[in-house]
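Chemist: One structure coming up, written as structure tokens, with questions to follow.
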Amino acid sequence: MTPRELRADVPALAEAAYFNFGAHGPSPAYVVEATSSWGGEHE
């Protein structure tokens, strides 16, 4: 995955610049979807 492809998949980066400070950052859409799916299966 190129940086451009990753940026396109992170909704938080669509309209703004985000400067990660090293602890955490916005998640790509596929990570959010997988987490939501897993959480729904394990309630």
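Numbering starts fresh at 1 for the residues of each chain in the structure tokens, the chains themselves are lettered A, B, ... in the order given, and ligands are numbered from 1 as they appear.
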Extract, using only C-alpha atoms, all DNA, RNA and protein residues at most 10 Å from segment 11-18 of chain A, discarding same-chain residues fewer than 3 positions from it, and format them as JSON, numbers by chain.
Modeler: {"A": [6, 7, 8, 21, 25, 26, 27, 28, 29]}
Chemist: Can you list, as a list in words, every residue of chain A that DSSP puts in helix (DSSP H, G or I)?
Modeler: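 After running DSSP on the backbone, chain A has helix (DSSP H, G or I) at Pro3, Arg4, Glu5, Leu6, Arg7, Ala8, Pro11, Ala12, Leu13, Ala29, Tyr30, Val31, Val32, Glu33, Ala34, Thr35, Ser36, Ser37, Trp38, Gly39, Gly40 and Glu41 of chain A.
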Chemist: Would you save the residues from that selection as a PDB file, in the first residue's frame, using N, CA and C atoms?
Modeler:
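Saved the output as again15.pdb:
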ATOM      1  N   PRO A   3       1.557   5.397   0.402  1.00  0.00           N
ATOM      2  CA  PRO A   3       1.010   6.432   1.293  1.00  0.00           C
ATOM      3  C   PRO A   3      -0.253   7.089   0.732  1.00  0.00           C
ATOM      4  N   ARG A   4      -0.311   7.275  -0.554  1.00  0.00           N
ATOM      5  CA  ARG A   4      -1.490   7.874  -1.182  1.00  0.00           C
ATOM      6  C   ARG A   4      -2.710   6.966  -1.036  1.00  0.00           C
ATOM      7  N   GLU A   5      -2.523   5.651  -1.219  1.00  0.00           N
ATOM      8  CA  GLU A   5      -3.630   4.703  -1.054  1.00  0.00           C
ATOM      9  C   GLU A   5      -4.101   4.662   0.398  1.00  0.00           C
ATOM     10  N   LEU A   6      -3.169   4.672   1.337  1.00  0.00           N
ATOM     11  CA  LEU A   6      -3.531   4.664   2.746  1.00  0.00           C
ATOM     12  C   LEU A   6      -4.299   5.928   3.108  1.00  0.00           C
ATOM     13  N   ARG A   7      -3.832   7.064   2.661  1.00  0.00           N
ATOM     14  CA  ARG A   7      -4.512   8.334   2.945  1.00  0.00           C
ATOM     15  C   ARG A   7      -5.929   8.321   2.392  1.00  0.00           C
ATOM     16  N   ALA A   8      -6.131   7.739   1.225  1.00  0.00           N
ATOM     17  CA  ALA A   8      -7.464   7.673   0.622  1.00  0.00           C
ATOM     18  C   ALA A   8      -8.404   6.792   1.442  1.00  0.00           C
ATOM     19  N   PRO A  11     -10.795   8.036   6.479  1.00  0.00           N
ATOM     20  CA  PRO A  11     -11.798   9.100   6.346  1.00  0.00           C
ATOM     21  C   PRO A  11     -11.402  10.406   7.037  1.00  0.00           C
ATOM     22  N   ALA A  12     -10.693  10.346   8.146  1.00  0.00           N
ATOM     23  CA  ALA A  12     -10.306  11.555   8.875  1.00  0.00           C
ATOM     24  C   ALA A  12      -9.363  12.442   8.069  1.00  0.00           C
ATOM     25  N   LEU A  13      -8.729  11.888   7.050  1.00  0.00           N
ATOM     26  CA  LEU A  13      -7.763  12.657   6.265  1.00  0.00           C
ATOM     27  C   LEU A  13      -8.362  13.245   4.991  1.00  0.00           C
ATOM     28  N   ALA A  29     -10.448   2.898   7.063  1.00  0.00           N
ATOM     29  CA  ALA A  29     -11.837   2.432   7.037  1.00  0.00           C
ATOM     30  C   ALA A  29     -11.919   0.917   7.222  1.00  0.00           C
ATOM     31  N   TYR A  30     -11.012   0.153   6.608  1.00  0.00           N
ATOM     32  CA  TYR A  30     -11.093  -1.311   6.726  1.00  0.00           C
ATOM     33  C   TYR A  30     -10.842  -1.778   8.161  1.00  0.00           C
ATOM     34  N   VAL A  31     -10.063  -1.040   8.934  1.00  0.00           N
ATOM     35  CA  VAL A  31      -9.832  -1.389  10.335  1.00  0.00           C
ATOM     36  C   VAL A  31     -11.089  -1.110  11.155  1.00  0.00           C
ATOM     37  N   VAL A  32     -11.719   0.027  10.914  1.00  0.00           N
ATOM     38  CA  VAL A  32     -12.952   0.373  11.623  1.00  0.00           C
ATOM     39  C   VAL A  32     -14.039  -0.649  11.311  1.00  0.00           C
ATOM     40  N   GLU A  33     -14.176  -1.031  10.045  1.00  0.00           N
ATOM     41  CA  GLU A  33     -15.189  -2.025   9.650  1.00  0.00           C
ATOM     42  C   GLU A  33     -14.931  -3.376  10.309  1.00  0.00           C
ATOM     43  N   ALA A  34     -13.677  -3.829  10.319  1.00  0.00           N
ATOM     44  CA  ALA A  34     -13.347  -5.124  10.914  1.00  0.00           C
ATOM     45  C   ALA A  34     -13.595  -5.111  12.421  1.00  0.00           C
ATOM     46  N   THR A  35     -13.242  -4.016  13.067  1.00  0.00           N
ATOM     47  CA  THR A  35     -13.455  -3.901  14.511  1.00  0.00           C
ATOM     48  C   THR A  35     -14.934  -3.894  14.843  1.00  0.00           C
ATOM     49  N   SER A  36     -15.710  -3.160  14.074  1.00  0.00           N
ATOM     50  CA  SER A  36     -17.161  -3.110  14.297  1.00  0.00           C
ATOM     51  C   SER A  36     -17.787  -4.474  14.077  1.00  0.00           C
ATOM     52  N   SER A  37     -17.358  -5.178  13.045  1.00  0.00           N
ATOM     53  CA  SER A  37     -17.881  -6.509  12.754  1.00  0.00           C
ATOM     54  C   SER A  37     -17.550  -7.473  13.886  1.00  0.00           C
ATOM     55  N   TRP A  38     -16.314  -7.452  14.351  1.00  0.00           N
ATOM     56  CA  TRP A  38     -15.890  -8.337  15.432  1.00  0.00           C
ATOM     57  C   TRP A  38     -16.679  -8.031  16.698  1.00  0.00           C
ATOM     58  N   GLY A  39     -16.854  -6.743  17.005  1.00  0.00           N
ATOM     59  CA  GLY A  39     -17.588  -6.359  18.199  1.00  0.00           C
ATOM     60  C   GLY A  39     -19.046  -6.802  18.147  1.00  0.00           C
ATOM     61  N   GLY A  40     -19.657  -6.738  16.972  1.00  0.00           N
ATOM     62  CA  GLY A  40     -21.032  -7.176  16.816  1.00  0.00           C
ATOM     63  C   GLY A  40     -21.194  -8.669  17.015  1.00  0.00           C
ATOM     64  N   GLU A  41     -20.178  -9.427  16.678  1.00  0.00           N
ATOM     65  CA  GLU A  41     -20.217 -10.879  16.823  1.00  0.00           C
ATOM     66  C   GLU A  41     -19.937 -11.317  18.255  1.00  0.00           C
TER      67      GLU A  41
END
